[in-house]
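Raw structure03.cif, mmCIF, C-alpha atoms:
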data_run
loop_
_atom_site.label_atom_id
_atom_site.label_comp_id
_atom_site.auth_asym_id
_atom_site.auth_seq_id
_atom_site.Cartn_x
_atom_site.Cartn_y
_atom_site.Cartn_z
CA MET C 14 39.04 -10.95 -6.87
CA SER C 15 38.46 -7.31 -6.13
CA ILE C 16 39.51 -5.30 -9.13
CA THR C 17 39.51 -1.83 -7.64
CA ALA C 18 41.12 -2.87 -4.36
CA ALA C 19 44.64 -1.51 -4.67
CA GLU C 20 45.98 0.73 -7.32
CA ASN C 21 49.20 -1.28 -7.55
CA GLN C 22 47.09 -4.21 -8.79
CA LEU C 23 45.94 -2.26 -11.81
CA VAL C 24 47.36 -3.63 -15.03
CA SER C 25 48.83 -1.45 -17.74
CA GLN C 26 47.14 -0.16 -20.86
CA ARG C 27 49.42 -2.46 -22.82
CA VAL C 28 47.93 -5.55 -21.13
CA ILE C 29 44.39 -4.31 -21.74
CA SER C 30 45.13 -3.40 -25.36
CA GLU C 31 46.65 -6.83 -26.02
CA GLU C 32 43.57 -8.50 -24.55
CA ILE C 33 41.31 -6.36 -26.74
CA GLU C 34 43.35 -7.19 -29.81
CA LYS C 35 43.14 -10.91 -29.13
CA VAL C 36 39.35 -10.90 -28.66
CA HIS C 37 38.94 -8.86 -31.83
CA ALA C 38 41.13 -11.22 -33.84
CA ASP C 39 38.98 -14.19 -32.80
CA ALA C 40 35.62 -12.43 -33.22
CA GLN C 41 33.01 -13.16 -35.83
CA ALA C 42 32.33 -10.28 -38.21
CA GLY C 43 28.91 -8.70 -38.26
CA ARG C 44 28.04 -8.89 -34.56
CA THR C 45 26.48 -5.52 -33.88
CA GLN C 46 26.13 -5.80 -30.12
CA PRO C 47 28.91 -5.69 -27.53
CA ARG C 48 30.26 -8.92 -26.14
CA LEU C 49 29.00 -9.47 -22.59
CA ASP C 50 32.00 -11.67 -21.81
CA PHE C 51 34.73 -9.10 -22.33
CA ARG C 52 37.58 -9.37 -19.87
CA PRO C 53 39.36 -6.11 -20.80
CA TYR C 54 36.43 -4.37 -19.04
CA ARG C 55 37.28 -5.79 -15.62
CA SER C 56 33.87 -5.13 -14.05
CA ALA C 57 32.32 -7.46 -16.64
CA ILE C 58 34.20 -10.54 -15.44
CA LEU C 59 31.68 -11.55 -12.76
CA ARG C 60 28.68 -9.83 -14.29
CA HIS C 61 28.05 -11.61 -17.57
CA PRO C 62 26.00 -14.76 -18.07
CA VAL C 63 28.02 -17.77 -19.17
CA ARG C 64 25.12 -19.72 -20.65
CA GLU C 65 23.65 -18.98 -24.07
CA LEU C 66 20.73 -16.59 -24.24
CA ARG C 67 17.46 -18.50 -24.82
CA TYR C 68 15.32 -17.69 -27.81
CA ALA C 69 11.84 -16.56 -26.89
CA ASP C 70 8.93 -15.41 -28.99
CA PRO C 71 7.83 -12.15 -27.43
CA GLU C 72 4.32 -12.18 -26.05
CA GLY C 73 2.00 -10.12 -23.91
CA ALA C 74 3.67 -7.15 -22.26
CA GLU C 75 6.89 -7.71 -24.21
CA LEU C 76 5.13 -6.59 -27.39
CA PHE C 77 4.36 -3.12 -26.06
CA ALA C 78 6.78 -0.47 -24.86
CA PRO C 79 5.52 1.70 -22.02
CA ALA C 80 3.80 4.89 -23.12
CA PHE C 81 4.95 8.34 -22.05
CA GLY C 82 3.26 11.69 -22.56
CA ARG C 83 3.38 15.37 -21.72
CA SER C 84 2.61 14.59 -18.11
CA ASP C 85 5.92 12.69 -17.92
CA VAL C 86 8.39 15.20 -19.41
CA ASP C 87 8.58 18.99 -19.23
CA ALA C 88 9.57 20.77 -22.44
CA GLY C 89 12.47 22.50 -20.69
CA GLU C 90 14.14 19.22 -19.77
CA SER C 91 15.71 18.91 -23.24
CA ASP C 92 17.92 21.95 -22.58
CA LEU C 93 20.66 21.03 -20.09
CA THR C 94 22.21 24.49 -20.23
CA THR C 95 19.35 26.24 -18.46
CA GLY C 96 17.99 25.73 -14.99
CA GLY C 97 21.08 26.94 -13.14
CA ALA C 98 21.58 30.50 -11.96
CA GLY C 99 24.10 31.09 -14.75
CA GLU C 100 25.59 29.58 -17.88
CA PRO C 101 27.42 26.28 -17.58
CA ILE C 102 31.10 26.26 -18.55
CA GLY C 103 32.13 24.56 -21.77
CA GLU C 104 31.38 24.16 -25.43
CA ARG C 105 27.65 24.55 -26.06
CA ILE C 106 26.33 21.92 -28.47
CA ALA C 107 23.09 20.55 -29.86
CA VAL C 108 22.64 16.80 -30.31
CA ARG C 109 19.75 15.73 -32.49
CA GLY C 110 18.71 12.71 -34.47
CA ARG C 111 15.98 10.20 -35.12
CA VAL C 112 14.95 7.05 -33.26
CA LEU C 113 13.96 4.38 -35.80
CA ASP C 114 13.07 0.72 -35.83
CA GLY C 115 14.91 -1.79 -38.03
CA ASP C 116 12.59 -1.06 -40.94
CA GLY C 117 13.26 2.66 -40.76
CA ARG C 118 9.95 3.56 -39.16
CA PRO C 119 10.07 6.40 -36.64
CA VAL C 120 9.63 5.65 -32.96
CA ARG C 121 7.04 8.29 -32.10
CA ARG C 122 6.33 10.07 -28.82
CA GLN C 123 8.79 7.98 -26.93
CA LEU C 124 10.99 8.82 -23.96
CA VAL C 125 14.70 9.59 -24.45
CA GLU C 126 16.79 10.14 -21.29
CA ILE C 127 20.41 11.31 -21.22
CA TRP C 128 23.11 11.89 -18.62
CA GLN C 129 26.71 12.97 -18.93
CA ALA C 130 29.81 14.46 -17.32
CA ASN C 131 30.40 18.20 -17.43
CA ALA C 132 33.01 19.92 -19.61
CA ALA C 133 35.73 19.00 -17.11
CA GLY C 134 34.83 15.31 -17.13
CA ARG C 135 33.04 15.27 -13.78
CA TYR C 136 29.58 13.80 -13.09
CA ALA C 137 27.27 15.50 -10.62
CA HIS C 138 27.11 12.10 -8.87
CA GLN C 139 28.23 11.61 -5.29
CA ARG C 140 30.32 8.59 -6.23
CA ASP C 141 32.37 10.40 -8.87
CA ARG C 142 35.73 11.05 -7.13
CA HIS C 143 37.53 12.53 -10.14
CA PRO C 144 39.24 15.68 -8.82
CA ALA C 145 37.84 17.90 -11.56
CA PRO C 146 35.53 20.81 -10.77
CA LEU C 147 31.78 20.45 -10.48
CA ASP C 148 29.81 23.07 -12.39
CA PRO C 149 27.09 24.64 -10.23
CA ASN C 150 25.15 25.43 -13.41
CA PHE C 151 25.24 21.95 -14.93
CA THR C 152 23.81 18.67 -13.71
CA GLY C 153 24.10 16.83 -17.02
CA VAL C 154 20.65 15.22 -16.93
CA GLY C 155 18.06 15.67 -19.67
CA ARG C 156 15.02 14.05 -21.19
CA CYS C 157 12.58 14.57 -24.02
CA LEU C 158 9.92 12.82 -26.08
CA THR C 159 10.53 12.09 -29.76
CA ASP C 160 8.20 13.86 -32.18
CA ASP C 161 5.94 12.20 -34.75
CA ALA C 162 8.89 11.70 -37.13
CA GLY C 163 11.03 10.15 -34.38
CA TRP C 164 13.23 13.23 -33.84
CA TYR C 165 14.83 14.01 -30.51
CA SER C 166 16.90 17.11 -29.75
CA PHE C 167 19.01 18.23 -26.81
CA THR C 168 20.99 21.38 -26.07
CA THR C 169 23.90 20.68 -23.76
CA ILE C 170 27.62 21.11 -23.09
CA LYS C 171 30.22 18.88 -24.70
CA PRO C 172 31.30 16.43 -21.98
CA GLY C 173 34.97 15.97 -21.15
CA PRO C 174 36.87 12.68 -21.07
CA TYR C 175 37.60 11.34 -17.60
CA PRO C 176 39.85 8.83 -15.85
CA TRP C 177 38.61 5.59 -14.29
CA HIS C 178 40.19 2.65 -12.51
CA ASN C 179 39.75 -0.22 -14.93
CA HIS C 180 43.50 -0.21 -15.43
CA ARG C 181 46.40 2.18 -14.98
CA ASN C 182 45.99 5.43 -16.90
CA ALA C 183 42.52 4.45 -18.13
CA TRP C 184 40.45 7.25 -19.68
CA ARG C 185 36.92 7.14 -21.04
CA PRO C 186 36.36 8.88 -24.37
CA ALA C 187 33.86 11.75 -24.04
CA HIS C 188 30.34 10.36 -24.22
CA ILE C 189 26.68 10.97 -23.45
CA HIS C 190 24.60 8.12 -21.96
CA PHE C 191 21.31 7.52 -23.80
CA SER C 192 18.36 5.53 -22.44
CA LEU C 193 15.90 4.52 -25.17
CA PHE C 194 12.53 2.87 -25.61
CA GLY C 195 11.20 1.53 -28.89
CA THR C 196 7.73 0.39 -29.78
CA ASN C 197 8.20 -3.02 -28.15
CA PHE C 198 9.57 -3.58 -24.66
CA THR C 199 12.09 -5.97 -26.25
CA GLN C 200 13.70 -2.92 -27.94
CA ARG C 201 14.61 -1.34 -24.61
CA MET C 202 18.23 -0.20 -24.69
CA ILE C 203 20.82 1.93 -22.93
CA THR C 204 23.94 3.00 -24.80
CA GLN C 205 26.56 5.75 -25.10
CA MET C 206 27.05 8.32 -27.85
CA TYR C 207 30.61 9.37 -28.68
CA PHE C 208 32.17 12.29 -30.55
CA PRO C 209 33.98 12.02 -33.88
CA GLY C 210 37.73 11.62 -33.95
CA ASP C 211 38.24 10.90 -30.27
CA PRO C 212 41.84 9.69 -29.80
CA LEU C 213 40.76 7.55 -26.81
CA PHE C 214 38.60 5.11 -28.80
CA ALA C 215 41.41 2.63 -29.37
CA PHE C 216 42.23 2.42 -25.65
CA ASP C 217 38.71 2.10 -24.23
CA PRO C 218 37.51 -1.42 -23.33
CA ILE C 219 33.86 -0.35 -23.16
CA TYR C 220 33.82 1.04 -26.69
CA GLN C 221 35.97 -1.85 -27.92
CA SER C 222 33.60 -4.44 -26.42
CA ILE C 223 31.85 -4.11 -29.79
CA THR C 224 34.17 -6.19 -31.93
CA ASP C 225 32.80 -5.12 -35.32
CA GLU C 226 34.39 -1.88 -36.49
CA ARG C 227 31.37 -0.73 -38.50
CA ALA C 228 29.08 -1.41 -35.56
CA ARG C 229 31.35 0.61 -33.25
CA ALA C 230 31.16 3.51 -35.68
CA LEU C 231 27.37 3.56 -35.23
CA LEU C 232 27.91 4.99 -31.74
CA VAL C 233 29.81 8.02 -33.03
CA ALA C 234 27.82 11.17 -33.79
CA ALA C 235 28.59 13.21 -36.90
CA TYR C 236 29.37 16.90 -36.80
CA ASP C 237 26.38 18.52 -38.52
CA HIS C 238 26.91 22.04 -39.76
CA GLU C 239 23.21 22.36 -40.55
CA SER C 240 22.48 21.95 -36.85
CA SER C 241 25.09 24.48 -35.77
CA GLN C 242 23.64 27.87 -34.90
CA HIS C 243 25.20 31.20 -35.80
CA ASP C 244 27.05 32.76 -32.88
CA PHE C 245 25.62 30.16 -30.50
CA LEU C 246 26.46 26.44 -30.70
CA LEU C 247 27.85 23.50 -32.68
CA GLY C 248 25.55 20.74 -33.90
CA TYR C 249 25.90 16.97 -33.82
CA ARG C 250 23.66 14.40 -35.50
CA TRP C 251 23.16 10.87 -34.16
CA ASP C 252 20.46 8.44 -35.29
CA ILE C 253 19.46 5.39 -33.28
CA VAL C 254 18.08 2.10 -34.61
CA LEU C 255 16.25 -0.21 -32.20
CA THR C 256 15.64 -3.78 -33.38
CA GLY C 257 14.28 -6.90 -31.76
CA SER C 258 10.54 -7.03 -32.14
CA HIS C 259 7.71 -8.97 -33.67
CA ALA C 260 7.75 -6.41 -36.46
CA THR C 261 11.06 -7.78 -37.70
CA LEU C 262 9.90 -11.40 -37.76
CA MET C 263 8.96 -13.13 -40.95
CA GLU C 264 5.54 -11.66 -41.49
CA ARG C 265 3.19 -13.38 -39.12
CA PRO C 266 -0.11 -11.54 -39.24
CA GLU C 267 -1.32 -12.91 -35.93
CA ASP C 268 1.48 -10.99 -34.20
CA HIS C 269 0.23 -7.65 -35.42
CA HIS C 270 -2.56 -7.22 -32.93
CA GLY C 271 -3.14 -4.28 -30.66
CA MET L 25 13.03 -5.65 -46.77
CA ALA L 26 16.03 -3.46 -46.00
CA GLU L 27 17.00 -3.95 -42.40
CA LEU L 28 18.86 -1.07 -40.76
CA ALA L 29 21.83 -2.04 -38.63
CA ALA L 30 20.98 -2.00 -34.93
CA THR L 31 22.67 0.59 -32.76
CA PRO L 32 24.90 -1.26 -30.26
CA GLY L 33 24.18 -1.07 -26.55
CA GLN L 34 26.71 -0.06 -23.90
CA THR L 35 26.87 -0.44 -20.15
CA ILE L 36 24.73 1.84 -17.99
CA GLY L 37 27.95 2.62 -16.07
CA PRO L 38 28.19 3.66 -12.40
CA PHE L 39 26.73 7.17 -12.57
CA PHE L 40 23.05 6.71 -13.47
CA HIS L 41 21.58 7.22 -10.00
CA TYR L 42 21.07 10.94 -10.35
CA ALA L 43 19.55 10.60 -13.83
CA LEU L 44 17.19 7.64 -14.09
CA PRO L 45 15.48 6.98 -10.71
CA TYR L 46 12.59 9.25 -9.75
CA PRO L 47 10.03 9.42 -6.93
CA GLY L 48 7.57 6.55 -7.19
CA ASP L 49 9.53 4.77 -9.91
CA ARG L 50 9.14 1.34 -8.26
CA GLU L 51 5.52 1.77 -7.17
CA LEU L 52 3.34 0.78 -10.13
CA VAL L 53 0.63 0.85 -7.50
CA PRO L 54 1.04 2.47 -4.08
CA ARG L 55 2.88 0.31 -1.58
CA GLY L 56 0.46 -1.55 0.65
CA SER L 57 -2.64 -0.60 -1.38
CA ALA L 58 -5.46 -3.12 -1.83
CA GLY L 59 -4.52 -5.80 -4.34
CA SER L 60 -0.86 -4.81 -4.38
CA VAL L 61 1.98 -7.31 -4.22
CA ARG L 62 5.60 -6.76 -3.27
CA LEU L 63 7.98 -8.18 -5.87
CA HIS L 64 11.53 -8.23 -4.55
CA GLY L 65 14.84 -10.03 -4.50
CA HIS L 66 18.56 -9.62 -4.96
CA VAL L 67 20.78 -9.23 -7.99
CA TYR L 68 23.96 -11.32 -7.58
CA ASP L 69 27.25 -11.52 -9.44
CA GLY L 70 29.19 -14.68 -10.25
CA ASP L 71 30.72 -14.79 -6.76
CA GLY L 72 27.31 -14.58 -5.12
CA ASN L 73 27.83 -10.98 -4.01
CA GLY L 74 24.98 -8.51 -4.27
CA VAL L 75 25.22 -6.08 -7.20
CA PRO L 76 24.72 -2.63 -5.67
CA ASP L 77 24.58 -0.69 -8.94
CA ALA L 78 21.93 -2.44 -11.04
CA LEU L 79 18.78 -0.93 -12.51
CA LEU L 80 15.75 -3.11 -13.26
CA GLU L 81 12.56 -2.39 -15.15
CA ILE L 82 9.40 -4.45 -15.41
CA ARG L 83 6.66 -4.34 -18.03
CA GLN L 84 3.45 -6.20 -17.34
CA ALA L 85 -0.23 -6.74 -17.96
CA ASP L 86 -2.85 -5.72 -15.42
CA ALA L 87 -4.63 -8.31 -13.29
CA ALA L 88 -6.99 -9.07 -16.17
CA GLY L 89 -4.16 -9.71 -18.62
CA ALA L 90 -4.50 -6.44 -20.57
CA VAL L 91 -1.32 -4.46 -21.28
CA PRO L 92 -1.86 -0.77 -20.52
CA ALA L 93 -0.73 1.81 -23.09
CA VAL L 94 -1.27 4.90 -20.98
CA ALA L 95 1.16 7.69 -20.08
CA GLY L 96 2.00 8.78 -16.58
CA SER L 97 4.77 6.47 -15.38
CA ARG L 98 7.11 9.33 -14.43
CA HIS L 99 4.54 11.38 -12.53
CA ARG L 100 2.33 8.78 -11.00
CA ASP L 101 0.15 11.13 -8.95
CA GLY L 102 -3.36 10.09 -9.80
CA ALA L 103 -2.21 8.31 -12.94
CA PRO L 104 -3.85 5.04 -13.92
CA PHE L 105 -1.93 1.76 -13.84
CA THR L 106 0.74 2.05 -16.57
CA GLY L 107 2.22 -1.47 -16.38
CA TRP L 108 5.81 -0.24 -16.28
CA GLY L 109 8.21 0.47 -13.43
CA ARG L 110 11.88 1.03 -12.69
CA THR L 111 13.93 0.27 -9.60
CA THR L 112 17.52 0.29 -8.42
CA THR L 113 19.37 -2.14 -6.17
CA ASP L 114 20.50 -1.00 -2.74
CA PRO L 115 24.04 -1.45 -1.37
CA ALA L 116 23.25 -5.14 -0.65
CA GLY L 117 21.96 -5.73 -4.17
CA HIS L 118 18.32 -5.86 -3.06
CA TYR L 119 15.46 -4.44 -5.14
CA TRP L 120 11.69 -4.14 -4.75
CA PHE L 121 8.60 -3.16 -6.73
CA SER L 122 5.02 -2.64 -5.60
CA SER L 123 2.63 -3.79 -8.30
CA VAL L 124 -0.28 -6.09 -9.08
CA GLU L 125 0.04 -9.68 -10.19
CA PRO L 126 -0.32 -9.76 -13.97
CA GLY L 127 -3.01 -11.82 -15.63
CA PRO L 128 -2.15 -14.18 -18.51
CA ALA L 129 -1.56 -12.77 -21.99
CA ARG L 130 -3.87 -15.44 -23.42
CA PRO L 131 -6.41 -17.77 -21.81
CA GLY L 132 -4.63 -20.49 -19.88
CA GLY L 133 -1.22 -18.87 -20.41
CA ALA L 134 1.38 -18.57 -17.68
CA PRO L 135 1.47 -14.95 -16.44
CA PHE L 136 4.83 -13.19 -16.10
CA PHE L 137 6.54 -9.88 -15.55
CA ALA L 138 8.82 -8.95 -18.48
CA VAL L 139 12.16 -7.78 -17.04
CA VAL L 140 15.18 -5.88 -18.32
CA VAL L 141 18.40 -5.68 -16.30
CA PHE L 142 21.12 -3.04 -16.52
CA ALA L 143 24.23 -2.78 -14.33
CA ARG L 144 27.71 -1.36 -14.18
CA GLY L 145 29.91 -4.12 -15.58
CA LEU L 146 27.10 -5.45 -17.76
CA LEU L 147 27.95 -4.38 -21.31
CA ASN L 148 24.42 -4.69 -22.68
CA ARG L 149 20.95 -5.10 -21.23
CA LEU L 150 19.62 -8.53 -20.34
CA PHE L 151 16.02 -9.62 -20.70
CA THR L 152 14.30 -12.26 -18.62
CA ARG L 153 10.83 -13.07 -17.30
CA ILE L 154 9.53 -13.51 -13.78
CA TYR L 155 6.72 -16.05 -13.93
CA LEU L 156 4.12 -16.18 -11.20
CA PRO L 157 4.10 -19.40 -9.24
CA ALA L 158 1.42 -21.66 -10.74
CA ASP L 159 0.70 -25.36 -11.05
CA HIS L 160 2.98 -27.56 -13.11
CA ALA L 161 0.48 -27.97 -15.92
CA VAL L 162 0.26 -24.23 -16.59
CA LEU L 163 4.01 -23.63 -16.33
CA GLY L 164 4.85 -26.79 -18.27
CA ALA L 165 2.65 -25.73 -21.18
CA ASP L 166 4.39 -22.36 -21.55
CA PRO L 167 6.22 -22.15 -24.91
CA LEU L 168 9.41 -20.89 -23.28
CA LEU L 169 9.42 -22.81 -19.99
CA SER L 170 8.69 -26.07 -21.79
CA THR L 171 12.07 -25.77 -23.53
CA LEU L 172 13.96 -25.52 -20.22
CA ASP L 173 15.02 -28.25 -17.84
CA ALA L 174 13.49 -28.34 -14.36
CA GLY L 175 16.32 -26.40 -12.73
CA GLU L 176 16.28 -23.62 -15.29
CA ARG L 177 12.51 -23.45 -15.19
CA SER L 178 12.53 -22.99 -11.44
CA ARG L 179 14.94 -20.09 -11.84
CA MET L 180 12.35 -18.19 -13.89
CA VAL L 181 9.51 -18.57 -11.39
CA ALA L 182 9.03 -16.30 -8.38
CA VAL L 183 8.75 -17.80 -4.90
CA ARG L 184 5.69 -16.99 -2.80
CA GLU L 185 6.86 -15.82 0.61
CA ALA L 186 4.94 -16.35 3.84
CA ASP L 187 3.93 -12.67 3.87
CA GLY L 188 2.37 -12.99 0.41
CA SER L 189 5.17 -11.22 -1.42
CA LEU L 190 6.92 -12.60 -4.49
CA ARG L 191 10.68 -13.14 -4.29
CA PHE L 192 12.84 -13.46 -7.37
CA ASP L 193 16.64 -13.39 -7.30
CA ILE L 194 18.62 -12.59 -10.43
CA HIS L 195 21.98 -14.29 -10.80
CA LEU L 196 24.04 -12.69 -13.55
CA GLN L 197 26.46 -15.64 -13.41
CA GLY L 198 27.20 -18.78 -11.41
CA PRO L 199 25.55 -22.13 -10.71
CA LEU L 200 22.15 -20.46 -10.25
CA GLU L 201 22.53 -18.23 -13.33
CA THR L 202 19.18 -16.83 -14.40
CA PRO L 203 18.05 -17.83 -17.90
CA PHE L 204 18.28 -14.69 -20.03
CA LEU L 205 16.42 -14.22 -23.27
CA THR L 206 16.98 -13.10 -26.82
CA PHE L 207 14.15 -12.22 -29.17
CA PRO L 208 13.78 -12.47 -32.94
CA GLY L 209 15.51 -9.60 -34.72
CA GLN L 210 18.12 -9.06 -32.00
CA THR L 211 21.69 -9.50 -33.13
#
Mind turning the file's structure into structure tokens?
Amino acid sequence: MSITAAENQLVSQRVISEEIEKVHADAQAGRTQPRLDFRPYRSAILRHPVRELRYADPEGAELFAPAFGRSDVDAGESDLTTGGAGEPIGERIAVRGRVLDGDGRPVRRQLVEIWQANAAGRYAHQRDRHPAPLDPNFTGVGRCLTDDAGWYSFTTIKPGPYPWHNHRNAWRPAHIHFSLFGTNFTQRMITQMYFPGDPLFAFDPIYQSITDERARALLVAAYDHESSQHDFLLGYRWDIVLTGSHATLMERPEDHHG
Amino acid sequence: MAELAATPGQTIGPFFHYALPYPGDRELVPRGSAGSVRLHGHVYDGDGNGVPDALLEIRQADAAGAVPAVAGSRHRDGAPFTGWGRTTTDPAGHYWFSSVEPGPARPGGAPFFAVVVFARGLLNRLFTRIYLPADHAVLGADPLLSTLDAGERSRMVAVREADGSLRFDIHLQGPLETPFLTFPGQT
């Protein structure tokens, strides 16, 4: 069944919210990752595996994330507010935090990529049809390498919420997409960072695909006054923990090669 | 040992095309160069339709079985083989990489490409492996493949095409669903 076919086929927020509530009521506590089989997000219906994931011991290339260096990222790419002829419109912010593994060790010199909508909730992507203005001074794409303590930092514009066609009157909470690499390829992850206090959280099937409330909260940045800059911008802090590696196994010395 | 809670994943969404792809992303070695192989296939949904908005990455050893740890994947000009690449599906759900066939991670092991799959509609990444076609003894001795039945095993092994390329289709759902993997420490 085509979900986006006709607008009059879109179900109401009430239907989606009831579906979310039912899945949450039946969910096990303590699952940190989103459910893949999550019908309230209509695009997931035909795009999730039905069979159980198979356990595998990582080996070979899985034990090593790709390496990136100065040849891969320009220093200026961490500032999304420059590069246009003028200043982008919106609320200038800094987003910074650390990338860590499950044992709290920093992920060093690793690539972080972000993309986001502009202040009006519009992506500079040809398939975004939201009738909000594009900003000629903002593409919403950035990247950087973490430093030796695992810190990343971006200067950008606070993205706006935007409508989508999952259901009638569906709105995504404001978010920034993050693409992350750990020390092992098995830690590879893409996620979304949200802003504190967003009233749209309760209505959003993508955010609510994480059934554990504490786990959901891990995707919400904290306002960080220490990162705010006098007369210039507001600061947000968001740390990222990447697990799933030989380093989190019961200690097996033979795995610690290379 | 105190284990920090893992940050949850989220879908890549529909708007990644202007952010993540880059020139040369799918050419771990130049297309058509000596020793190169074309690895390609389709990504399908549960109705058998191509998924036009998926992003795939591979991580692999070189032909000798060594895993490179060198920078230069985003600006490949003159860079050595980095063992990592990224590609996107086209409107029909088709993808391709140009790379070398990986050697085994250990003597006698079954060589494979490590794969991660992202797509709109897919709420978290999926891992799988693309094994090179090899004789039954090598594949049957693999610690993972030996736990799978014959049908599942065949769905983790690339097919050698007449032109020498390797074809591997990824089925997110359905009767031919690809076996996807979870690793220790993932929750």
Minimum-distance residue to chain L, chosen among C:Asp87, C:Glu226, C:Glu72, C:Glu104 (using only C-alpha atoms): C:Glu72
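Computed from the coordinates, the CA of Ile36 (chain L) to CA of Val141 (chain L) distance equals 10.0 Å.
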The PyMOL selection byres ((chain L and resi 123-130) around 9) applied to the shown file, residues as number ranges by chain: C: 72-74; L: 50-55, 59-63, 84-91, 107, 109, 121-122, 131-137, 156
At most 6 Å to chain L: residues in chain C, all atoms listed in the file, as a VMD selection string: chain C and resid 45 to 46 49 56 to 57 59 to 62 66 to 69 73 to 74 80 to 82 85 115 to 116 154 203 to 205 253 to 257 261
Result set, the PyMOL selection byres ((chain C and resi 148) around 8) on current file, as a PyMOL selection string: chain C and resi 101-102+131+146-147+149-152
